[in-house]
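Next up, run.txt (compact mmCIF, C-alpha atoms):
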# COMPACT_ATOMS: atom_id res chain seq x y z
CA MET H 218 63.57 118.47 121.38
CA THR H 219 64.01 119.55 117.77
CA GLY H 220 63.11 117.41 114.75
CA ALA H 221 66.81 116.75 114.10
CA THR H 222 67.29 115.47 117.66
CA TRP H 223 64.25 113.19 117.37
CA GLY H 224 65.70 111.91 114.09
CA LEU H 225 69.02 111.22 115.81
CA VAL H 226 67.34 109.42 118.74
CA ALA H 227 65.22 107.36 116.31
CA SER H 228 68.30 106.41 114.22
CA ALA H 229 70.30 105.31 117.28
CA PHE H 230 67.22 103.50 118.66
CA VAL H 231 66.53 101.51 115.48
CA ALA H 232 70.20 100.67 114.89
CA SER H 233 70.62 99.55 118.51
CA ILE H 234 67.44 97.49 118.71
CA VAL H 235 68.61 95.22 115.87
CA GLU H 236 71.94 94.56 117.61
CA PHE H 237 70.30 94.04 121.04
CA VAL H 238 67.82 91.53 119.57
CA GLU H 239 70.71 89.50 118.08
CA ALA H 240 72.67 89.56 121.35
CA LEU H 241 69.53 88.53 123.28
CA THR H 242 69.03 85.46 121.06
CA ILE H 243 72.58 84.25 121.78
CA VAL H 244 72.35 84.83 125.54
CA LEU H 245 68.90 83.19 125.74
CA ALA H 246 70.22 80.11 123.90
CA MET H 247 73.13 79.80 126.34
CA GLY H 248 70.99 80.47 129.41
CA VAL H 249 68.33 77.92 128.50
CA THR H 250 70.73 75.12 127.52
CA ARG H 251 73.85 75.66 129.63
CA GLY H 252 72.64 77.61 132.68
CA TRP H 253 71.80 81.22 133.44
CA ARG H 254 74.66 81.79 135.89
CA SER H 255 77.37 81.27 133.25
CA ALA H 256 75.45 83.15 130.53
CA ILE H 257 74.81 86.18 132.76
CA THR H 258 78.44 86.18 133.97
CA GLY H 259 79.48 86.34 130.29
CA VAL H 260 77.09 89.26 129.73
CA VAL H 261 78.40 91.18 132.76
CA ALA H 262 82.04 90.58 131.73
CA ALA H 263 81.23 91.80 128.19
CA LEU H 264 79.54 94.95 129.56
CA VAL H 265 82.63 95.72 131.69
CA ALA H 266 84.93 95.13 128.68
CA LEU H 267 82.64 97.30 126.51
CA THR H 268 82.75 100.17 129.01
CA ALA H 269 86.56 100.03 129.08
CA PHE H 270 86.70 99.76 125.28
CA THR H 271 84.40 102.78 124.88
CA PHE H 272 86.45 104.97 127.22
CA VAL H 273 89.84 103.95 125.76
CA THR H 274 88.72 104.20 122.11
CA GLY H 275 86.75 107.41 122.63
CA TYR H 276 89.64 109.06 124.49
CA ALA H 277 92.25 107.88 121.95
CA LEU H 278 90.16 108.92 118.94
CA GLN H 279 89.34 112.37 120.30
CA THR H 280 92.77 113.09 121.78
CA TRP H 281 95.21 111.79 119.21
CA LEU H 282 93.44 112.00 115.87
CA PRO H 283 92.93 115.29 114.02
CA GLU H 284 89.27 115.91 113.12
CA ALA H 285 89.66 115.01 109.43
CA LEU H 286 91.47 111.72 110.23
CA LEU H 287 88.79 110.88 112.82
CA GLN H 288 86.12 111.43 110.16
CA LEU H 289 88.03 109.23 107.70
CA VAL H 290 88.53 106.34 110.15
CA VAL H 291 85.03 106.40 111.66
CA GLY H 292 83.35 107.17 108.32
CA THR H 293 85.11 104.27 106.58
CA LEU H 294 84.11 101.86 109.36
CA LEU H 295 80.48 103.06 109.27
CA LEU H 296 80.48 102.78 105.50
CA ILE H 297 81.74 99.19 105.58
CA PHE H 298 79.18 98.20 108.28
CA GLY H 299 76.38 99.96 106.44
CA LEU H 300 77.18 98.44 103.06
CA GLN H 301 77.47 94.94 104.62
CA TRP H 302 73.93 95.39 106.00
CA LEU H 303 72.71 96.84 102.73
CA ARG H 304 74.26 93.95 100.76
CA LYS H 305 72.42 91.42 102.94
CA ALA H 306 69.17 93.40 102.68
CA ILE H 307 69.42 93.56 98.87
CA LEU H 308 70.23 89.85 98.56
CA ARG H 309 67.31 88.97 100.89
CA SER H 310 64.85 91.27 99.10
CA SER H 311 65.84 89.81 95.72
CA GLY H 312 65.39 86.25 97.00
CA LEU H 313 69.08 85.34 96.64
CA LYS H 314 69.55 84.87 100.39
CA ALA H 315 67.25 83.43 103.05
CA LEU H 316 65.62 85.93 105.43
CA HIS H 317 67.26 86.18 108.84
CA ASP H 318 65.12 84.41 111.37
CA GLU H 319 65.80 84.76 115.12
CA GLU H 320 63.99 81.46 115.85
CA GLU H 321 66.27 79.60 113.42
CA GLU H 322 69.30 81.34 114.90
CA PHE H 323 68.10 80.35 118.39
CA ALA H 324 67.67 76.72 117.28
CA ALA H 325 71.18 76.65 115.77
CA GLN H 326 72.71 78.19 118.91
CA THR H 327 70.92 75.81 121.28
CA ALA H 328 71.92 72.78 119.16
CA ALA H 329 75.58 73.91 119.25
CA ALA H 330 75.32 74.49 123.01
CA ARG H 331 73.91 70.99 123.62
CA ASP H 332 76.70 69.37 121.55
CA ALA H 333 79.56 71.31 123.16
CA ALA H 334 81.62 69.52 125.81
CA LYS H 335 81.10 70.50 129.45
CA LYS H 336 84.17 72.31 130.84
CA SER H 337 84.00 74.41 133.98
CA ARG H 338 86.33 76.94 135.59
CA PHE H 339 85.53 78.56 138.97
CA GLY H 340 82.06 77.02 138.75
CA ILE H 341 81.35 78.77 135.43
CA ASP H 342 80.57 76.82 132.25
CA THR H 343 83.30 77.99 129.84
CA PHE H 344 81.25 77.50 126.63
CA ALA H 345 78.23 79.51 127.83
CA PHE H 346 80.50 82.22 129.25
CA VAL H 347 82.59 82.63 126.07
CA VAL H 348 79.64 82.54 123.63
CA SER H 349 77.60 85.03 125.71
CA PHE H 350 80.63 87.29 126.16
CA LYS H 351 81.51 87.24 122.44
CA GLY H 352 77.90 87.80 121.33
CA VAL H 353 77.29 90.77 123.63
CA PHE H 354 80.73 92.32 123.04
CA LEU H 355 80.61 92.02 119.23
CA GLU H 356 77.08 93.44 118.93
CA GLY H 357 77.90 96.01 121.63
CA VAL H 358 80.97 97.36 119.83
CA GLU H 359 78.81 98.03 116.77
CA ILE H 360 76.29 99.91 118.95
CA VAL H 361 79.12 101.95 120.51
CA PHE H 362 80.43 102.96 117.06
CA ILE H 363 76.97 103.82 115.79
CA VAL H 364 76.03 105.85 118.88
CA ILE H 365 79.32 107.78 119.01
CA THR H 366 79.36 108.60 115.29
CA PHE H 367 75.67 109.52 114.99
CA GLY H 368 75.95 111.54 118.20
CA LEU H 369 79.08 113.42 117.09
CA SER H 370 77.64 114.16 113.64
CA ALA H 371 74.58 115.80 115.22
CA ASN H 372 76.57 117.34 118.11
CA ASN H 373 74.38 115.50 120.62
CA VAL H 374 75.97 112.34 122.00
CA PRO H 375 73.62 112.19 125.06
CA ALA H 376 70.55 111.98 122.75
CA ALA H 377 72.14 109.13 120.77
CA VAL H 378 73.07 107.34 124.02
CA GLY H 379 69.48 107.85 125.22
CA GLY H 380 68.09 106.20 122.06
CA ALA H 381 70.39 103.20 122.50
CA VAL H 382 69.62 102.85 126.23
CA VAL H 383 65.86 102.87 125.60
CA ALA H 384 66.35 100.22 122.87
CA GLY H 385 68.41 98.07 125.26
CA LEU H 386 65.85 98.34 128.07
CA LEU H 387 62.93 97.53 125.74
CA VAL H 388 64.66 94.43 124.36
CA LEU H 389 65.66 93.33 127.86
CA ILE H 390 62.10 93.70 129.22
CA ALA H 391 60.53 92.06 126.14
CA GLY H 392 63.05 89.19 126.36
CA ALA H 393 62.42 88.70 130.10
CA VAL H 394 58.64 88.66 129.59
CA ALA H 395 58.56 86.52 126.43
CA HIS H 396 61.49 84.30 127.50
CA LYS H 397 62.11 83.44 123.84
CA PRO H 398 63.78 85.09 120.83
CA LEU H 399 62.07 88.28 119.64
CA ALA H 400 61.14 86.90 116.20
CA MET H 401 58.28 89.39 115.87
CA VAL H 402 60.74 92.31 115.48
CA PRO H 403 60.87 93.14 111.71
CA GLU H 404 64.64 92.69 111.79
CA ASN H 405 65.22 92.47 108.03
CA THR H 406 63.36 95.72 107.32
CA LEU H 407 65.09 97.49 110.21
CA LYS H 408 68.49 96.31 108.95
CA TYR H 409 67.70 97.65 105.50
CA GLY H 410 66.87 101.07 106.96
CA VAL H 411 69.89 101.12 109.25
CA GLY H 412 72.15 99.99 106.39
CA LEU H 413 70.96 102.98 104.33
CA LEU H 414 71.57 105.38 107.24
CA LEU H 415 75.03 104.02 108.05
CA ALA H 416 76.08 104.03 104.38
CA SER H 417 74.92 107.65 103.98
CA PHE H 418 76.58 109.03 107.13
CA GLY H 419 79.67 106.86 106.50
CA ALA H 420 80.11 108.06 102.88
CA TYR H 421 79.66 111.69 103.96
CA TRP H 422 82.26 111.46 106.72
CA ALA H 423 84.78 109.25 104.93
CA VAL H 424 84.95 111.57 101.89
CA GLU H 425 85.18 114.66 104.13
CA GLY H 426 88.01 112.97 106.02
CA LEU H 427 90.09 112.55 102.86
CA GLY H 428 91.01 116.22 103.42
CA VAL H 429 93.58 115.01 105.97
CA PHE H 430 95.87 114.16 103.03
CA VAL H 431 95.40 117.49 101.26
CA GLY H 432 96.88 120.96 101.90
CA GLU H 433 96.41 121.96 105.55
CA GLY H 434 94.80 118.65 106.47
CA THR H 435 91.30 120.04 107.05
CA SER H 436 88.06 118.26 106.09
CA LEU H 437 86.73 118.46 102.53
CA HIS H 438 83.30 120.02 102.05
CA TRP H 439 80.38 118.49 100.15
CA PRO H 440 78.30 120.64 97.84
CA GLY H 441 75.18 121.65 99.80
CA GLY H 442 76.79 120.90 103.20
CA ASP H 443 74.72 118.58 105.42
CA TRP H 444 72.03 118.28 102.69
CA ALA H 445 74.48 115.97 100.92
CA ILE H 446 73.62 113.30 103.55
CA LEU H 447 70.02 113.34 102.34
CA ALA H 448 71.18 113.14 98.71
CA LEU H 449 73.38 110.15 99.61
CA LEU H 450 70.44 108.49 101.38
CA VAL H 451 68.29 108.88 98.27
CA ALA H 452 71.12 107.57 96.06
CA TRP H 453 71.73 104.47 98.21
CA PHE H 454 67.99 103.75 98.38
CA ALA H 455 67.55 104.16 94.60
CA ILE H 456 70.53 101.95 93.73
CA SER H 457 69.42 99.32 96.26
CA ARG H 458 65.96 99.09 94.59
CA VAL H 459 67.61 98.81 91.15
CA MET H 460 69.88 96.02 92.43
CA VAL H 461 66.96 94.14 94.02
CA ARG H 462 65.34 93.99 90.54
CA ALA H 463 68.53 93.40 88.53
CA LEU H 464 70.48 90.84 90.60
CA PRO H 465 68.18 87.82 90.03
CA GLY H 466 68.73 88.33 86.25
CA VAL H 467 72.51 88.51 86.80
CA LYS H 468 72.37 85.23 88.73
CA ASP H 469 70.23 83.55 86.03
CA ARG H 470 72.65 84.59 83.27
CA GLN H 471 75.59 83.30 85.31
CA ARG H 472 73.81 79.93 85.77
CA GLN H 473 73.10 79.73 82.02
CA GLU H 474 76.76 80.47 81.23
CA VAL H 475 77.87 77.71 83.61
CA ALA H 476 75.35 75.26 82.11
CA ALA H 477 76.31 76.10 78.47
CA MET O 117 99.78 82.59 119.71
CA GLY O 118 96.15 81.41 119.96
CA LEU O 119 95.24 84.62 121.76
CA ILE O 120 96.81 86.81 119.03
CA LYS O 121 95.11 84.72 116.33
CA GLY O 122 91.77 85.02 118.14
CA PHE O 123 92.25 88.78 118.58
CA GLY O 124 93.06 89.15 114.86
CA LYS O 125 90.07 87.01 113.85
CA PHE O 126 87.75 89.08 116.06
CA TRP O 127 88.80 92.33 114.36
CA TYR O 128 88.69 90.74 110.90
CA ASP O 129 85.13 89.52 111.55
CA PHE O 130 84.18 92.90 113.01
CA VAL O 131 85.60 95.14 110.28
CA ILE O 132 85.58 92.97 107.15
CA GLY O 133 82.57 90.77 107.98
CA ASP O 134 81.05 88.17 105.64
CA ASP O 135 82.16 89.72 102.36
CA TRP O 136 85.69 91.14 101.95
CA LYS O 137 84.72 92.63 98.57
CA ILE O 138 82.73 95.39 100.31
CA ALA O 139 85.79 96.58 102.25
CA VAL O 140 87.91 96.43 99.08
CA ALA O 141 85.27 98.42 97.15
CA VAL O 142 85.18 101.13 99.86
CA VAL O 143 88.97 101.44 100.05
CA LEU O 144 89.35 101.52 96.23
CA ALA O 145 86.61 104.15 95.80
CA LEU O 146 88.16 106.36 98.51
CA ALA O 147 91.65 105.91 96.99
CA VAL O 148 90.42 106.98 93.52
CA THR O 149 88.58 109.94 95.10
CA LEU O 150 91.78 110.98 96.87
CA GLY O 151 93.60 110.76 93.54
CA VAL O 152 90.99 113.06 91.94
CA VAL O 153 91.23 115.53 94.85
CA MET O 154 95.06 115.59 94.82
CA SER O 155 95.24 115.95 91.03
CA GLY O 156 93.38 119.26 91.32
CA VAL O 157 91.44 118.70 88.08
CA LEU O 158 88.14 119.36 89.89
CA PRO O 159 87.11 121.77 92.66
CA THR O 160 87.14 119.89 96.01
CA ALA O 161 83.34 120.09 96.43
CA THR O 162 82.85 118.51 92.99
CA ALA O 163 85.51 115.90 93.79
CA ALA O 164 83.57 115.05 96.99
CA ALA O 165 80.40 114.49 94.93
CA VAL O 166 82.42 112.33 92.51
CA GLY O 167 83.58 110.36 95.58
CA GLY O 168 79.94 109.64 96.46
CA LEU O 169 79.25 108.38 92.94
CA LEU O 170 82.41 106.24 93.00
CA LEU O 171 81.33 104.64 96.29
CA VAL O 172 77.94 103.73 94.81
CA GLY O 173 79.60 102.43 91.60
CA PHE O 174 82.20 100.27 93.37
CA PHE O 175 79.47 98.88 95.67
CA VAL O 176 77.41 97.83 92.64
CA VAL O 177 80.45 96.13 91.07
CA SER O 178 81.21 94.27 94.33
CA LEU O 179 77.60 93.03 94.53
CA VAL O 180 77.59 91.82 90.92
CA VAL O 181 80.93 90.02 91.48
CA ASP O 182 79.48 88.50 94.67
CA VAL O 183 76.33 87.21 92.92
CA ARG O 184 78.26 85.84 89.94
CA GLY O 185 80.87 84.20 92.21

If you convert what's in this file into structure tokens, what do you get?
Amino acid sequence: MTGATWGLVASAFVASIVEFVEALTIVLAMGVTRGWRSAITGVVAALVALTAFTFVTGYALQTWLPEALLQLVVGTLLLIFGLQWLRKAILRSSGLKALHDEEEEFAAQTAAARDAAKKSRFGIDTFAFVVSFKGVFLEGVEIVFIVITFGLSANNVPAAVGGAVVAGLLVLIAGAVAHKPLAMVPENTLKYGVGLLLASFGAYWAVEGLGVFVGEGTSLHWPGGDWAILALLVAWFAISRVMVRALPGVKDRQRQEVAA
Amino acid sequence: MGLIKGFGKFWYDFVIGDDWKIAVAVVLALAVTLGVVMSGVLPTATAAAVGGLLLVGFFVVSLVVDVRG
């Protein structure tokens, strides 16, 4: 494998591991408090729905959308996801938001599960089924988008899928062995890194895709070609460090204005 | 009706997430970039680079608005 392919596999792996860890916490909370049968049924149903979603969306995107429009749609989505993650990472690093903690999330989920009313259909606890389904599907859709877009951008979807599958298996095995949330995974740092990657690829693609509205509808080209992705990565990292230092001052000034 | 509402909420949560200002910043930055490209005042490669700067700038503004809010 080339260095670029290893980079692609590593990107898909890191992005996927964060999502898998979050999904695992939700399913564990449901399994422990409401029963494993209902939680696992929710997971299986979500995996079936995800497979169908991936085929339908992938087919529709590739068949009906011209390349530039595909870049615009997928790039904009990646950009919004990436900047949401980057926003959280900046706020956490600057102390304006509490760090995400899987053990706290697990405690909140189990408390909600204990308080929820018991309703069953076909022998399946509805609450555990719905929460497990929603958790796995929501995190899974993000993984699908990340894997497809990273894979397409490097012309190697199988390598991106491989990275995500290895991440999924590792989280599954670690979860089965530990039987508790994977709090030891440095989730906040990983999210920061993934946010930077998604924002860089997303910005590159979204701007290229604007070409769909111009002239013959072909993609725009960045100066320096693919090297622009690296420049974007450096720019997002630099501005994120500046914001980590500057935002606490912005918050203090706002508090003083309110108090005055 | 509940199903449609739930479907809409799922996609809103998925695409827009916790902070709607990020999505607005991205759409505004891309719209201004498109305006620059269509006006023809800059070569398209330069306009693309301007688009990157606009995205960073609008993101910074959305974060400052968020923190001051």

Checklist line | Selected residue of minimal separation from H:Thr327 among H:Ala315, H:Ala452, H:Val265, H:Ile243, counting only C-alpha atoms | finding: H:Ile243

Next item on the list: Find the residues around H:Ala330 up to 10 Å (all atoms listed in the file counted), leave out those fewer than 3 positions away in its own chain, and share them as an MDAnalysis selection string.
Entry: chainID H and resid 246:251 324:327 333:335 344:345 348

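Rounded to one decimal, atom CA of H:Glu359 and atom CA of O:Val131 lie 9.8 Å from each other.
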
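Taking only C-alpha atoms into account, the protein, DNA and RNA residues within 8 Å of (89.8, 111.6, 95.7) read Val424 and Leu427 of chain H; Leu146, Ala147, Val148, Thr149, Leu150, Gly151, Val152, Val153, Met154, Ala163, Ala164 and Gly167 of chain O.
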
Return as a Markdown table the residues of chain H lying at most 9 Å from chain O, together with the closest atom-to-atom pair for each and the distance in Å to one decimal, counting only C-alpha atoms, with rows in chain order and ascending residue number.
| residue | atom | partner | partner_atom | distance |
| --- | --- | --- | --- | --- |
| H:Thr293 | CA | O:Val142 | CA | 7.4 |
| H:Leu294 | CA | O:Val131 | CA | 6.9 |
| H:Leu296 | CA | O:Val142 | CA | 7.5 |
| H:Ile297 | CA | O:Ala139 | CA | 5.9 |
| H:Phe298 | CA | O:Val131 | CA | 7.4 |
| H:Leu300 | CA | O:Ile138 | CA | 6.9 |
| H:Gln301 | CA | O:Ile138 | CA | 6.8 |
| H:Arg304 | CA | O:Leu179 | CA | 7.1 |
| H:Leu308 | CA | O:Val183 | CA | 8.7 |
| H:Leu313 | CA | O:Val183 | CA | 8.4 |
| H:Leu355 | CA | O:Phe130 | CA | 7.2 |
| H:Val358 | CA | O:Phe130 | CA | 8.8 |
| H:Glu359 | CA | O:Phe130 | CA | 8.3 |
| H:Ala420 | CA | O:Gly168 | CA | 6.6 |
| H:Tyr421 | CA | O:Gly168 | CA | 7.8 |
| H:Ala423 | CA | O:Leu146 | CA | 7.8 |
| H:Val424 | CA | O:Ala164 | CA | 6.2 |
| H:Glu425 | CA | O:Ala164 | CA | 7.3 |
| H:Leu427 | CA | O:Leu150 | CA | 6.4 |
| H:Gly428 | CA | O:Leu150 | CA | 8.4 |
| H:Phe430 | CA | O:Leu150 | CA | 8.0 |
| H:Val431 | CA | O:Met154 | CA | 6.7 |
| H:Leu437 | CA | O:Thr160 | CA | 6.7 |
| H:His438 | CA | O:Ala161 | CA | 5.6 |
| H:Trp439 | CA | O:Ala161 | CA | 5.0 |
| H:Pro440 | CA | O:Ala161 | CA | 5.3 |
| H:Gly441 | CA | O:Ala161 | CA | 9.0 |
| H:Ala445 | CA | O:Ala165 | CA | 8.6 |
| H:Leu449 | CA | O:Gly168 | CA | 7.3 |
| H:Ala452 | CA | O:Val172 | CA | 7.9 |
| H:Trp453 | CA | O:Val172 | CA | 7.1 |
| H:Ile456 | CA | O:Val172 | CA | 7.7 |
| H:Ser457 | CA | O:Val176 | CA | 8.9 |
| H:Met460 | CA | O:Val176 | CA | 7.7 |
| H:Leu464 | CA | O:Val180 | CA | 7.2 |
| H:Pro465 | CA | O:Val183 | CA | 8.7 |
| H:Val467 | CA | O:Arg184 | CA | 7.1 |
| H:Lys468 | CA | O:Arg184 | CA | 6.0 |
| H:Arg470 | CA | O:Arg184 | CA | 8.8 |
| H:Gln471 | CA | O:Arg184 | CA | 5.9 |
| H:Arg472 | CA | O:Arg184 | CA | 8.5 |

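Between H:Gly275 and the candidates H:Phe362, H:Leu225, H:Val383, H:Phe454, the tightest atom-to-atom separation, counting only C-alpha atoms, involves H:Phe362.
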
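A straight line drawn from atom CA of H:Ala269 to atom CA of H:Val361 is 11.5 Å long.
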
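Atom CA of H:Gly368 is found 13.9 Å from atom CA of H:Leu287.
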